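What follows is the content of coords-v9.cif, which has mmCIF, C-alpha atoms (C1' of nucleotides):
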```cif
data_coords
loop_
_atom_site.label_atom_id
_atom_site.label_comp_id
_atom_site.auth_asym_id
_atom_site.auth_seq_id
_atom_site.Cartn_x
_atom_site.Cartn_y
_atom_site.Cartn_z
CA MET A 150 12.59 9.07 -56.02
CA TYR A 151 15.10 9.11 -53.17
CA LYS A 152 18.02 11.56 -53.02
CA LEU A 153 20.77 11.09 -50.45
CA ILE A 154 21.89 14.52 -49.24
CA LYS A 155 24.41 13.60 -46.61
CA ASN A 156 25.39 10.69 -44.46
CA GLU A 157 27.13 10.16 -41.15
CA LYS A 158 28.52 6.62 -41.23
CA SER A 159 25.42 4.49 -41.99
CA ALA A 160 22.90 7.17 -40.99
CA ARG A 161 21.30 8.95 -43.96
CA ARG A 162 19.88 12.44 -44.45
CA GLY A 163 17.83 12.57 -47.62
CA GLU A 164 14.80 13.62 -49.59
CA PHE A 165 12.03 11.48 -50.94
CA ILE A 166 10.27 13.04 -53.89
CA THR A 167 6.63 12.18 -54.59
CA ASN A 168 3.88 13.64 -56.76
CA ARG A 169 2.40 15.03 -53.53
CA GLY A 170 5.56 16.83 -52.45
CA THR A 171 9.03 16.15 -51.09
CA VAL A 172 9.55 14.36 -47.79
CA GLN A 173 12.58 15.31 -45.74
CA THR A 174 14.10 12.15 -44.29
CA PRO A 175 14.51 10.58 -41.81
CA ALA A 176 10.76 10.98 -41.32
CA PHE A 177 7.99 9.60 -39.19
CA MET A 178 4.60 8.86 -40.76
CA ASN A 179 1.52 9.63 -38.67
CA VAL A 180 -0.87 6.70 -38.48
CA ALA A 181 -4.44 7.30 -39.62
CA THR A 182 -5.62 3.72 -40.00
CA ALA A 183 -9.16 4.40 -41.13
CA GLY A 184 -8.30 7.69 -42.83
CA ALA A 185 -8.15 9.75 -39.65
CA ILE A 186 -5.81 10.05 -36.69
CA LYS A 187 -7.53 8.54 -33.67
CA GLY A 188 -8.23 11.17 -31.05
CA ALA A 189 -10.07 13.76 -33.15
CA VAL A 190 -6.95 15.15 -34.82
CA SER A 191 -7.79 16.64 -38.22
CA ALA A 192 -5.85 16.88 -41.47
CA THR A 193 -5.25 20.57 -40.82
CA ASP A 194 -3.96 19.74 -37.33
CA LEU A 195 -1.50 17.32 -38.92
CA LYS A 196 0.10 20.19 -40.84
CA THR A 197 0.44 22.17 -37.61
CA LEU A 198 2.00 19.15 -35.92
CA GLY A 199 4.72 18.87 -38.54
CA CYS A 200 3.46 15.69 -40.16
CA GLN A 201 4.91 14.99 -43.62
CA VAL A 202 3.27 11.69 -44.53
CA MET A 203 -0.02 10.16 -43.43
CA LEU A 204 -0.40 6.37 -43.27
CA SER A 205 -3.71 4.58 -43.77
CA ASN A 206 -4.71 0.94 -43.95
CA THR A 207 -5.95 -1.04 -46.93
CA TYR A 208 -7.82 -3.65 -44.93
CA HIS A 209 -9.65 -1.17 -42.71
CA LEU A 210 -10.73 1.11 -45.55
CA HIS A 211 -11.77 -1.88 -47.65
CA VAL A 212 -14.02 -3.11 -44.84
CA ARG A 213 -15.41 0.36 -44.18
CA PRO A 214 -16.41 2.48 -46.05
CA GLY A 215 -15.19 0.32 -48.98
CA ASP A 216 -12.36 1.24 -51.35
CA GLU A 217 -14.78 1.76 -54.24
CA VAL A 218 -16.63 4.34 -52.18
CA VAL A 219 -13.33 6.16 -51.59
CA ARG A 220 -12.46 5.91 -55.31
CA ASP A 221 -15.88 7.29 -56.29
CA CYS A 222 -15.34 10.15 -53.84
CA GLY A 223 -12.16 11.05 -55.71
CA GLY A 224 -9.58 9.04 -53.77
CA LEU A 225 -8.28 9.17 -50.21
CA HIS A 226 -6.59 12.57 -50.59
CA LYS A 227 -9.78 14.32 -51.63
CA PHE A 228 -11.88 12.21 -49.24
CA SER A 229 -9.74 12.96 -46.15
CA THR A 230 -8.60 16.43 -47.32
CA TRP A 231 -4.98 15.51 -46.55
CA ASP A 232 -3.05 16.73 -49.60
CA GLY A 233 0.43 15.53 -48.64
CA PRO A 234 1.81 12.07 -49.38
CA ILE A 235 -0.21 9.10 -48.15
CA LEU A 236 1.22 5.62 -47.71
CA THR A 237 -1.25 2.77 -47.50
CA ASP A 238 -0.29 -0.37 -45.67
CA SER A 239 -1.29 -3.41 -47.67
CA GLY A 240 -3.28 -5.44 -45.17
CA GLY A 241 -0.25 -7.67 -44.68
CA PHE A 242 0.00 -6.75 -41.02
CA GLN A 243 -3.61 -7.86 -40.53
CA VAL A 244 -2.50 -11.32 -41.67
CA PHE A 245 -0.54 -11.20 -38.43
CA SER A 246 -2.82 -9.24 -36.09
CA LEU A 247 -6.03 -11.01 -37.11
CA ALA A 248 -4.26 -14.36 -36.93
CA LYS A 249 -7.17 -16.02 -35.14
CA LEU A 250 -9.54 -15.09 -37.93
CA ARG A 251 -7.55 -16.06 -41.01
CA GLN A 252 -6.40 -18.78 -43.41
CA ILE A 253 -3.32 -18.45 -45.65
CA THR A 254 -2.90 -20.10 -49.06
CA GLU A 255 -0.66 -19.44 -52.06
CA GLU A 256 -3.43 -17.33 -53.61
CA GLY A 257 -3.80 -15.09 -50.56
CA VAL A 258 -5.48 -14.81 -47.19
CA THR A 259 -9.07 -15.26 -46.06
CA PHE A 260 -10.03 -13.14 -43.08
CA ASN A 261 -13.17 -12.87 -41.09
CA SER A 262 -14.00 -9.19 -40.91
CA HIS A 263 -13.55 -7.78 -37.41
CA ILE A 264 -16.61 -5.60 -38.03
CA ASP A 265 -19.28 -8.11 -38.97
CA GLY A 266 -17.46 -11.43 -39.27
CA ARG A 267 -18.02 -11.83 -43.02
CA LYS A 268 -15.36 -13.58 -45.08
CA ILE A 269 -12.91 -11.35 -46.92
CA PHE A 270 -10.36 -12.69 -49.37
CA MET A 271 -7.21 -10.66 -49.96
CA GLY A 272 -4.24 -11.59 -52.10
CA PRO A 273 -1.61 -9.50 -53.88
CA GLU A 274 -3.95 -8.52 -56.73
CA GLU A 275 -6.82 -7.61 -54.39
CA SER A 276 -4.53 -5.53 -52.20
CA MET A 277 -3.15 -3.64 -55.21
CA GLN A 278 -6.65 -3.10 -56.60
CA ILE A 279 -7.85 -1.70 -53.27
CA GLN A 280 -4.81 0.55 -52.85
CA SER A 281 -5.23 1.76 -56.42
CA ASN A 282 -8.85 2.62 -55.67
CA LEU A 283 -7.74 4.49 -52.56
CA GLY A 284 -5.27 6.35 -54.77
CA SER A 285 -2.56 6.59 -52.15
CA THR A 286 0.84 8.04 -53.06
CA ILE A 287 2.64 4.87 -52.00
CA ALA A 288 1.22 1.36 -51.96
CA MET A 289 2.83 -1.36 -49.87
CA ALA A 290 3.30 -4.87 -51.17
CA PHE A 291 1.04 -7.56 -49.74
CA ASP A 292 3.21 -9.67 -47.46
CA GLU A 293 2.97 -12.02 -44.53
CA CYS A 294 4.16 -10.66 -41.22
CA VAL A 295 5.28 -13.65 -39.15
CA GLU A 296 5.25 -13.60 -35.38
CA ASN A 297 8.59 -14.06 -33.57
CA PRO A 298 9.91 -16.47 -32.60
CA ALA A 299 9.19 -18.62 -35.67
CA GLU A 300 10.59 -21.93 -36.90
CA TYR A 301 13.28 -21.55 -39.55
CA SER A 302 11.40 -23.73 -41.99
CA TYR A 303 8.20 -21.71 -41.66
CA ALA A 304 10.11 -18.41 -41.87
CA LYS A 305 11.79 -19.56 -45.10
CA GLU A 306 8.58 -20.80 -46.65
CA SER A 307 6.68 -17.64 -45.71
CA CYS A 308 9.50 -15.48 -46.98
CA GLU A 309 9.55 -17.21 -50.37
CA ARG A 310 5.79 -16.85 -50.66
CA THR A 311 6.13 -13.13 -49.85
CA THR A 312 8.58 -12.86 -52.77
CA ARG A 313 6.13 -14.56 -55.15
CA TRP A 314 3.38 -12.28 -53.88
CA LEU A 315 5.64 -9.25 -54.45
CA ILE A 316 6.17 -10.18 -58.08
CA ARG A 317 2.40 -10.42 -58.52
CA CYS A 318 1.98 -7.05 -56.74
CA LYS A 319 4.43 -5.37 -59.09
CA GLN A 320 2.74 -6.76 -62.17
CA LYS A 321 -0.77 -5.85 -60.97
CA MET A 322 0.30 -2.34 -59.96
CA ALA A 323 1.82 -1.74 -63.42
CA GLU A 324 -1.46 -2.80 -65.04
CA LEU A 325 -3.55 -0.61 -62.77
CA ASN A 326 -1.34 2.44 -63.31
CA ARG A 327 -1.90 2.09 -67.08
CA LEU A 328 -5.70 2.30 -66.78
CA ASP A 329 -7.13 5.76 -67.44
CA THR A 330 -9.68 5.29 -64.63
CA THR A 331 -6.92 5.09 -62.01
CA VAL A 332 -7.08 7.74 -59.26
CA ASN A 333 -3.28 8.08 -59.03
CA PRO A 334 -1.59 6.63 -62.14
CA GLU A 335 1.83 7.40 -60.62
CA GLN A 336 1.22 5.28 -57.54
CA MET A 337 4.49 3.96 -56.16
CA LEU A 338 5.10 0.47 -54.79
CA PHE A 339 7.39 -0.52 -51.91
CA GLY A 340 8.60 -4.08 -51.40
CA ILE A 341 8.86 -5.60 -47.94
CA ASN A 342 11.75 -7.61 -46.57
CA GLN A 343 10.89 -10.56 -44.35
CA GLY A 344 12.81 -13.50 -42.86
CA CYS A 345 12.03 -13.21 -39.16
CA THR A 346 15.19 -13.08 -37.06
CA TYR A 347 17.27 -15.25 -39.42
CA ASN A 348 19.92 -13.00 -40.93
CA ASP A 349 20.70 -15.37 -43.82
CA LEU A 350 17.02 -15.36 -44.84
CA ARG A 351 16.81 -11.60 -44.39
CA ILE A 352 19.88 -10.92 -46.54
CA GLU A 353 18.97 -13.37 -49.26
CA HIS A 354 15.40 -12.06 -49.40
CA MET A 355 16.54 -8.43 -49.49
CA LYS A 356 18.93 -9.10 -52.37
CA ARG A 357 16.21 -10.92 -54.26
CA ILE A 358 13.60 -8.16 -53.95
CA ALA A 359 16.17 -5.44 -54.67
CA GLU A 360 16.40 -6.90 -58.19
CA LEU A 361 12.77 -5.95 -58.77
CA ASP A 362 13.71 -2.25 -58.82
CA LEU A 363 10.79 -0.96 -56.74
CA ASP A 364 10.21 2.62 -55.55
CA GLY A 365 11.31 1.88 -52.02
CA TYR A 366 12.06 -0.96 -49.62
CA ALA A 367 10.68 -1.72 -46.21
CA VAL A 368 11.89 -3.97 -43.45
CA GLY A 369 8.82 -5.71 -42.04
CA GLY A 370 8.20 -8.33 -39.43
CA LEU A 371 10.21 -6.63 -36.70
CA ALA A 372 9.08 -5.43 -33.27
CA VAL A 373 6.69 -8.36 -33.21
CA GLY A 374 7.95 -10.21 -30.16
CA GLU A 375 11.73 -10.40 -30.56
CA PRO A 376 14.11 -8.63 -28.15
CA THR A 377 15.14 -5.11 -29.21
CA GLU A 378 18.78 -6.14 -29.57
CA VAL A 379 17.74 -8.77 -32.11
CA MET A 380 15.90 -6.15 -34.13
CA TYR A 381 19.03 -3.95 -34.19
CA ASP A 382 21.10 -6.92 -35.24
CA VAL A 383 18.75 -7.68 -38.14
CA LEU A 384 18.96 -4.03 -39.25
CA GLU A 385 22.75 -4.13 -39.13
CA ASN A 386 22.66 -7.11 -41.45
CA VAL A 387 19.92 -5.98 -43.83
CA CYS A 388 20.65 -2.26 -44.31
CA PRO A 389 23.99 -2.86 -46.07
CA VAL A 390 22.26 -4.92 -48.79
CA MET A 391 19.39 -2.44 -49.27
CA PRO A 392 19.77 -0.30 -52.40
CA ASP A 393 21.49 3.04 -51.59
CA ASP A 394 19.37 4.94 -54.05
CA LYS A 395 16.02 3.87 -52.60
CA ILE A 396 14.21 4.97 -49.47
CA ARG A 397 14.32 2.51 -46.56
CA TYR A 398 11.31 2.11 -44.33
CA LEU A 399 11.21 0.23 -41.02
CA MET A 400 7.59 -0.78 -40.53
CA GLY A 401 5.78 -0.27 -37.27
CA VAL A 402 8.72 1.04 -35.25
CA GLY A 403 8.81 2.35 -32.62
CA THR A 404 9.97 4.05 -29.46
CA PRO A 405 12.13 7.19 -29.73
CA LEU A 406 15.09 4.98 -28.78
CA ASN A 407 14.26 2.46 -31.50
CA ILE A 408 14.11 5.28 -34.05
CA LEU A 409 17.48 6.73 -33.04
CA ASN A 410 19.06 3.29 -33.30
CA ALA A 411 17.44 2.49 -36.62
CA VAL A 412 18.47 5.82 -38.14
CA GLU A 413 22.01 5.09 -36.99
CA ARG A 414 21.87 1.82 -38.94
CA GLY A 415 20.53 3.42 -42.12
CA ILE A 416 16.72 3.63 -41.95
CA ASP A 417 14.90 6.68 -43.45
CA LEU A 418 11.24 6.20 -42.74
CA PHE A 419 9.10 5.04 -39.80
CA ASP A 420 5.54 4.65 -38.67
CA CYS A 421 4.14 3.54 -35.35
CA VAL A 422 0.90 3.67 -33.42
CA MET A 423 2.83 4.28 -30.24
CA PRO A 424 2.61 8.08 -30.03
CA SER A 425 -1.12 8.08 -30.69
CA ARG A 426 -2.15 4.95 -28.81
CA ASN A 427 -0.01 5.68 -25.77
CA ALA A 428 -1.25 9.26 -25.73
CA ARG A 429 -4.85 8.07 -25.51
CA HIS A 430 -3.87 6.12 -22.40
CA GLY A 431 -2.07 9.07 -20.82
CA HIS A 432 1.48 7.98 -21.65
CA LEU A 433 3.40 11.01 -22.91
CA PHE A 434 6.80 11.65 -24.44
CA THR A 435 8.68 14.73 -23.24
CA SER A 436 12.12 16.28 -23.56
CA LYS A 437 12.87 14.94 -20.06
CA GLY A 438 11.53 11.41 -20.50
CA ILE A 439 8.24 9.57 -20.31
CA ILE A 440 5.39 10.65 -18.06
CA ASN A 441 2.04 9.05 -17.24
CA ILE A 442 -0.42 11.90 -16.88
CA ASN A 443 -2.78 9.60 -14.94
CA ASN A 444 -0.41 9.70 -11.99
CA ASN A 445 -1.73 11.31 -8.87
CA LYS A 446 1.29 13.60 -8.61
CA TYR A 447 -0.03 15.70 -11.52
CA GLU A 448 -3.38 16.42 -9.86
CA LYS A 449 -2.53 20.06 -9.14
CA ASP A 450 0.41 20.47 -11.52
CA MET A 451 -0.26 23.66 -13.44
CA SER A 452 2.85 23.36 -15.64
CA PRO A 453 2.62 22.21 -19.28
CA ILE A 454 3.20 18.56 -20.25
CA ASP A 455 6.69 19.57 -21.38
CA ASP A 456 7.99 23.06 -20.62
CA GLU A 457 10.45 22.85 -23.52
CA CYS A 458 7.77 21.84 -26.02
CA GLY A 459 6.41 24.30 -28.56
CA CYS A 460 3.26 22.37 -29.42
CA PRO A 461 -0.13 24.11 -29.30
CA VAL A 462 -1.13 21.97 -26.31
CA CYS A 463 1.92 22.81 -24.19
CA ARG A 464 1.57 26.49 -25.04
CA ARG A 465 -1.87 26.62 -23.46
CA TYR A 466 -2.90 23.72 -21.21
CA SER A 467 -1.69 22.42 -17.85
CA ARG A 468 -1.00 18.84 -16.76
CA ALA A 469 -3.64 19.22 -14.04
CA TYR A 470 -6.37 20.18 -16.50
CA ILE A 471 -5.43 17.53 -19.07
CA ARG A 472 -5.32 14.88 -16.33
CA HIS A 473 -8.78 15.93 -15.21
CA LEU A 474 -10.11 15.72 -18.78
CA LEU A 475 -8.65 12.23 -19.18
CA LYS A 476 -10.04 10.98 -15.86
CA ALA A 477 -13.42 12.48 -16.69
CA GLY A 478 -13.48 10.77 -20.08
CA GLU A 479 -13.72 14.06 -21.94
CA MET A 480 -13.00 13.77 -25.67
CA LEU A 481 -10.80 16.84 -25.54
CA SER A 482 -8.23 14.91 -23.50
CA GLN A 483 -7.68 12.48 -26.37
CA ARG A 484 -7.17 15.26 -28.84
CA LEU A 485 -4.73 17.21 -26.66
CA LEU A 486 -2.73 14.13 -25.66
CA VAL A 487 -2.41 12.77 -29.21
CA MET A 488 -1.48 16.19 -30.59
CA HIS A 489 1.32 16.52 -28.08
CA ASN A 490 2.82 13.10 -28.79
CA LEU A 491 2.63 13.48 -32.57
CA TRP A 492 4.33 16.85 -32.31
CA PHE A 493 7.01 15.23 -30.16
CA TYR A 494 7.66 12.48 -32.73
CA ASN A 495 7.58 14.78 -35.76
CA HIS A 496 9.97 17.20 -34.05
CA LEU A 497 12.22 14.40 -32.88
CA MET A 498 12.65 13.57 -36.57
CA GLU A 499 13.37 17.22 -37.34
CA ASP A 500 16.01 17.27 -34.62
CA ILE A 501 17.53 14.10 -36.06
CA ARG A 502 17.65 15.69 -39.53
CA ASN A 503 19.28 18.82 -38.14
CA ALA A 504 21.85 16.74 -36.31
CA LEU A 505 22.65 14.88 -39.54
CA ASP A 506 22.87 18.18 -41.43
CA ASN A 507 25.30 19.46 -38.81
CA GLY A 508 27.28 16.22 -38.72
CA ASN A 509 26.66 15.64 -35.02
CA PHE A 510 24.13 12.83 -35.08
CA ALA A 511 26.28 10.47 -33.01
CA GLU A 512 26.52 13.03 -30.24
CA PHE A 513 22.82 13.87 -30.51
CA LYS A 514 21.93 10.20 -30.26
CA ARG A 515 24.13 9.61 -27.23
CA GLU A 516 22.59 12.56 -25.42
CA LYS A 517 18.95 11.79 -26.24
CA GLU A 518 19.27 8.06 -25.72
CA GLU A 519 19.81 8.62 -22.01
CA ILE A 520 16.83 10.91 -21.66
CA TYR A 521 14.13 9.40 -23.86
CA GLY A 522 14.10 5.99 -22.27
CA ARG A 523 13.62 7.10 -18.71
CA ARG A 524 10.44 7.70 -16.76
CA VAL A 525 10.01 10.92 -14.88
"C1'" G B 138 -45.80 6.52 19.31
"C1'" U B 139 -46.95 1.63 16.54
"C1'" G B 140 -45.66 -1.67 12.68
"C1'" G B 141 -42.30 -2.96 8.74
"C1'" A B 142 -37.85 -2.61 6.15
"C1'" U B 143 -32.41 -1.28 6.13
"C1'" G B 144 -27.25 -1.25 7.72
"C1'" U B 145 -21.05 -5.64 4.25
"C1'" A B 146 -14.62 -1.60 0.66
"C1'" G B 147 -14.98 5.55 -1.02
"C1'" C B 148 -19.95 4.31 -3.88
"C1'" U B 149 -23.71 0.45 -5.52
"C1'" U B 150 -24.46 -4.28 -4.21
"C1'" A B 151 -23.63 -10.34 -3.80
"C1'" G B 152 -23.05 -13.45 0.16
"C1'" U B 153 -26.58 -20.11 -0.76
"C1'" U B 154 -29.86 -24.57 4.88
"C1'" G B 155 -24.45 -20.82 10.20
"C1'" G B 156 -18.43 -23.94 8.04
"C1'" U B 157 -11.53 -22.45 5.97
"C1'" U B 158 -7.66 -16.19 4.22
"C1'" A B 159 -15.94 -12.09 3.08
"C1'" A B 160 -17.05 -11.58 -3.48
"C1'" A B 161 -18.12 -8.24 -7.67
"C1'" G B 162 -18.80 -3.71 -10.55
"C1'" C B 163 -17.59 1.33 -10.40
"C1'" G B 164 -14.02 4.67 -8.23
"C1'" C B 165 -8.89 5.10 -6.46
"C1'" C B 166 -3.40 3.81 -7.09
"C1'" G B 167 0.39 1.76 -10.41
"C1'" G B 168 1.92 -0.54 -14.91
"C1'" U B 169 1.57 -2.33 -20.23
"C1'" U B 170 0.98 -0.66 -25.24
"C1'" U B 171 5.91 -1.03 -31.72
"C1'" G B 172 2.98 -1.74 -40.46
"C1'" U B 173 -4.09 0.31 -34.40
"C1'" G B 174 -9.76 -5.88 -33.85
"C1'" G B 175 -7.41 -0.96 -28.31
"C1'" C B 176 -12.10 5.34 -24.44
"C1'" A B 177 -8.17 -1.40 -24.33
"C1'" C B 178 -5.42 -4.73 -21.27
"C1'" C B 179 -2.72 -6.33 -16.64
"C1'" G B 180 -1.84 -5.70 -11.54
"C1'" G B 181 -2.53 -3.41 -6.53
"C1'" A B 182 -4.44 -1.03 -2.16
"C1'" G B 183 -8.93 -0.83 0.36
"C1'" A B 184 -14.13 -3.98 4.89
"C1'" C B 185 -12.49 -5.21 12.97
"C1'" C B 186 -19.64 -7.23 7.82
"C1'" G B 187 -23.71 -0.21 12.27
"C1'" U B 188 -22.71 -0.94 17.80
"C1'" G B 189 -22.99 -4.00 22.38
"C1'" G B 190 -24.31 -8.59 24.37
"C1'" G B 191 -25.85 -13.81 23.72
"C1'" U B 192 -26.55 -19.02 21.43
"C1'" U B 193 -22.84 -22.40 19.07
"C1'" C B 194 -16.96 -26.25 18.34
"C1'" G B 195 -17.81 -22.18 14.74
"C1'" A B 196 -21.88 -16.08 13.44
"C1'" G B 197 -21.84 -11.36 7.82
"C1'" U B 198 -25.67 -15.28 8.36
"C1'" C B 199 -29.59 -17.23 14.41
"C1'" C B 200 -31.50 -14.52 19.22
"C1'" C B 201 -31.80 -9.90 22.41
"C1'" A B 202 -30.82 -4.81 23.06
"C1'" U B 203 -29.41 -0.27 21.00
"C1'" C B 204 -28.39 3.30 17.20
"C1'" U B 205 -28.84 4.89 11.69
"C1'" U B 206 -31.67 5.60 7.39
"C1'" C B 207 -36.21 4.81 4.82
"C1'" C B 208 -41.52 3.53 4.35
"C1'" A B 209 -46.47 2.94 6.13
"C1'" C B 210 -50.08 3.86 9.84
"C1'" C B 211 -51.89 6.57 14.14
#
```
Please lay out the structure from this file as structure tokens.
Amino acid sequence: MYKLIKNEKSARRGEFITNRGTVQTPAFMNVATAGAIKGAVSATDLKTLGCQVMLSNTYHLHVRPGDEVVRDCGGLHKFSTWDGPILTDSGGFQVFSLAKLRQITEEGVTFNSHIDGRKIFMGPEESMQIQSNLGSTIAMAFDECVENPAEYSYAKESCERTTRWLIRCKQKMAELNRLDTTVNPEQMLFGINQGCTYNDLRIEHMKRIAELDLDGYAVGGLAVGEPTEVMYDVLENVCPVMPDDKIRYLMGVGTPLNILNAVERGIDLFDCVMPSRNARHGHLFTSKGIININNNKYEKDMSPIDDECGCPVCRRYSRAYIRHLLKAGEMLSQRLLVMHNLWFYNHLMEDIRNALDNGNFAEFKREKEEIYGRRV
RNA sequence: GUGGAUGUAGCUUAGUUGGUUAAAGCGCCGGUUUGUGGCACCGGAGACCGUGGGUUCGAGUCCCAUCUUCCACC
């Protein structure tokens, strides 16, 4: 259930209540694709880093270790030891990212597994069954994420199929939640808006899926090749037709700047691999801008990554040492780098919430926008 | 001392019967990364081919000398 606490123009400060606790929004979900944050960051670390929601992936956990294994181990919460809310992505994005290894029909999608090449069929019912076995707090609808730019005719066709799939998802989820063998019988379902960069398709699709009265709504298929300005334009068109009393999730986005702009337009929830993936490659977010710890200029720099950061890494380790660990291929570098970036993102969201609480989000955004995009 | 190997980018090497701006891996430098097929990907700098002569239209490649390192034998 979503509760709007306060708004500043289109930007929303709210709470999202789940059977695993209340999420203060706007919030950023930390991506743990295979049930763990890449970079040796544990579930207990996530609490320290200010993470509210963990995100895992249906496709990846189905391939390995298998969703039935997770179910038999008591569900993903017990399995991973993360006791806060978990959102599972449906495998829809893999329709996009594994494009070379797939075939789409009305029934669903056939992939070749990226692990061993074997054929895997996934449709709406399969995705719901898997997510039910995982027992996540929130399941995502099985959709097709289309690459931009796309032909109007294909975008429309794909969008309509995603609607038909969503109806099947809703029905299957209701059935599964009624079974007494279900790990989480209160599992929620979010619908996903598609329509590529065509605002008429986006708006029509959003209105249509809003009628289904789901637990939340996501905007998908953005940040997949279109210019940033186009993404903002789509959000400006779609947010006004999203239900006010439901949480709004922008999938896979993004940079700190993207997040500020999306919050301004009315988005409540985000996820992105950027803080973790970039961290593993030495690309760090700081209160002064972006740094690349690989750069030679940090060789003897004994200051922390960010001297204004309160994260456990910045309180103890120097840039010089972390750079050395990264260059030397030490595992500890991955852990320290990822922890810093996740802290940065989670605390950026906290700062955004505070700004909304204080009614000075616009000012906050203007100030941070200048800083967060630049390289230092 | 004698005989035999060796010498090409910071490192390890490839360079065909002599033929245009000498190649690669690693390292170094810089960049990319948006519902994670990602310890990944893209780009860049860097070599008077041990040194000095010679043969040739042309030499990293052939010849001579010299030095380096290594091996074997006295």
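Residues with any atom within 7 Å of Leu153 of chain A, counting only C-alpha atoms (C1' of nucleotides) and excluding same-chain neighbours fewer than 6 positions away, are Arg161, Arg162, Gly163 and Glu164 of chain A.
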So which residues touch segment 426-437 of chain A within 10 Å, counting all atoms listed in the file, skipping near sequence neighbours fewer than 2 positions away, as a PyMOL selection string?
(chain A and resi 180+187-188+404-405+421-424+439-444+454-458+471-472+475-476+480+482-494+497+517+519-525) or (chain B and resi 169-170+173+175-177)
I would like the residues chosen by the PyMOL selection byres ((chain A) within 6 of (chain B)) on the shown file; could you give them as number ranges by chain?
A: 242, 263, 372, 400-403
Selected residues written out with C-alpha atoms, as a PDB file, in the coordinates of the input:
```pdb
ATOM      1  CA  PHE A 242       0.000  -6.750 -41.020  1.00  0.00           C
ATOM      2  CA  HIS A 263     -13.550  -7.780 -37.410  1.00  0.00           C
ATOM      3  CA  ALA A 372       9.080  -5.430 -33.270  1.00  0.00           C
ATOM      4  CA  MET A 400       7.590  -0.780 -40.530  1.00  0.00           C
ATOM      5  CA  GLY A 401       5.780  -0.270 -37.270  1.00  0.00           C
ATOM      6  CA  VAL A 402       8.720   1.040 -35.250  1.00  0.00           C
ATOM      7  CA  GLY A 403       8.810   2.350 -32.620  1.00  0.00           C
TER       8      GLY A 403
END
```
Residue by residue, what does the PyMOL selection byres ((chain A and resi 202) around 8) grab here? Present the result as a list of chain:residue names.
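That expression, the PyMOL selection byres ((chain A and resi 202) around 8), corresponds here to A:Val172, A:Phe177, A:Met178, A:Asn179, A:Cys200, A:Gln201, A:Met203, A:Leu204, A:Gly233, A:Pro234, A:Ile235, A:Leu236.
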Who sits within 7 Å of segment 144-161 of chain B, only C-alpha atoms (C1' of nucleotides), same chain under 5 positions skipped, as a ChimeraX atom specification
/B:183-184,186-187,195-198
Taking 5 positions as the minimum chain separation for residues in the same chain, which residues sit within 10 Å of segment 290-292 of chain A when counting only C-alpha atoms (C1' of nucleotides)? Answer as a PyMOL selection string.
chain A and resi 207+237-245+257+271-277+280+307-308+310-319+322+338-343+366-367+369-370
Which polymer residues have any atom within 7 Å of an atom of Asn297 of chain A, counting all atoms listed in the file, with same-chain residues fewer than 4 positions away left out, as a PDB file with C-alpha atoms, keeping the file's coordinate frame?
```pdb
ATOM      1  CA  CYS A 345      12.030 -13.210 -39.160  1.00  0.00           C
ATOM      2  CA  VAL A 373       6.690  -8.360 -33.210  1.00  0.00           C
ATOM      3  CA  GLY A 374       7.950 -10.210 -30.160  1.00  0.00           C
ATOM      4  CA  GLU A 375      11.730 -10.400 -30.560  1.00  0.00           C
TER       5      GLU A 375
END
```
Expand the PyMOL selection byres ((chain B and resi 138) around 12) into the explicit residue set it covers here, and present it as a PDB file with C-alpha atoms (C1' of nucleotides), in the frame of the given file.
```
ATOM      1  C1'   U B 139     -46.950   1.630  16.540  1.00  0.00           C
ATOM      2  C1'   G B 140     -45.660  -1.670  12.680  1.00  0.00           C
ATOM      3  C1'   C B 210     -50.080   3.860   9.840  1.00  0.00           C
ATOM      4  C1'   C B 211     -51.890   6.570  14.140  1.00  0.00           C
TER       5        C B 211
END
```
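Between atom CA of His496 of chain A and atom CA of Phe510 of chain A there is a distance of 14.9 Å.
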Can you tell me how far atom CA of Glu324 of chain A sits from atom CA of Ile269 of chain A, in Å to one decimal?
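Result for atom CA of Glu324 of chain A versus atom CA of Ile269 of chain A: 23.1 Å, one decimal.
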Where atoms are absent from segment 396-401 of chain A, fill them in so it carries N, CA and C atoms, then output it as a compact mmCIF listing (two decimals), in the frame of the given file.
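Resulting contents of out-v9.txt:
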```
# COMPACT_ATOMS: atom_id res chain seq x y z
N ILE A 396 14.56 4.69 -50.86
CA ILE A 396 14.21 4.97 -49.47
C ILE A 396 14.03 3.67 -48.70
N ARG A 397 14.39 3.71 -47.41
CA ARG A 397 14.32 2.51 -46.56
C ARG A 397 13.37 2.77 -45.39
N TYR A 398 12.40 1.91 -45.28
CA TYR A 398 11.31 2.11 -44.33
C TYR A 398 11.26 0.94 -43.34
N LEU A 399 11.33 1.26 -42.06
CA LEU A 399 11.21 0.23 -41.02
C LEU A 399 9.78 0.26 -40.49
N MET A 400 9.04 -0.80 -40.79
CA MET A 400 7.59 -0.78 -40.53
C MET A 400 7.22 -0.99 -39.07
N GLY A 401 6.37 -0.08 -38.59
CA GLY A 401 5.78 -0.27 -37.27
C GLY A 401 6.65 0.07 -36.09
```
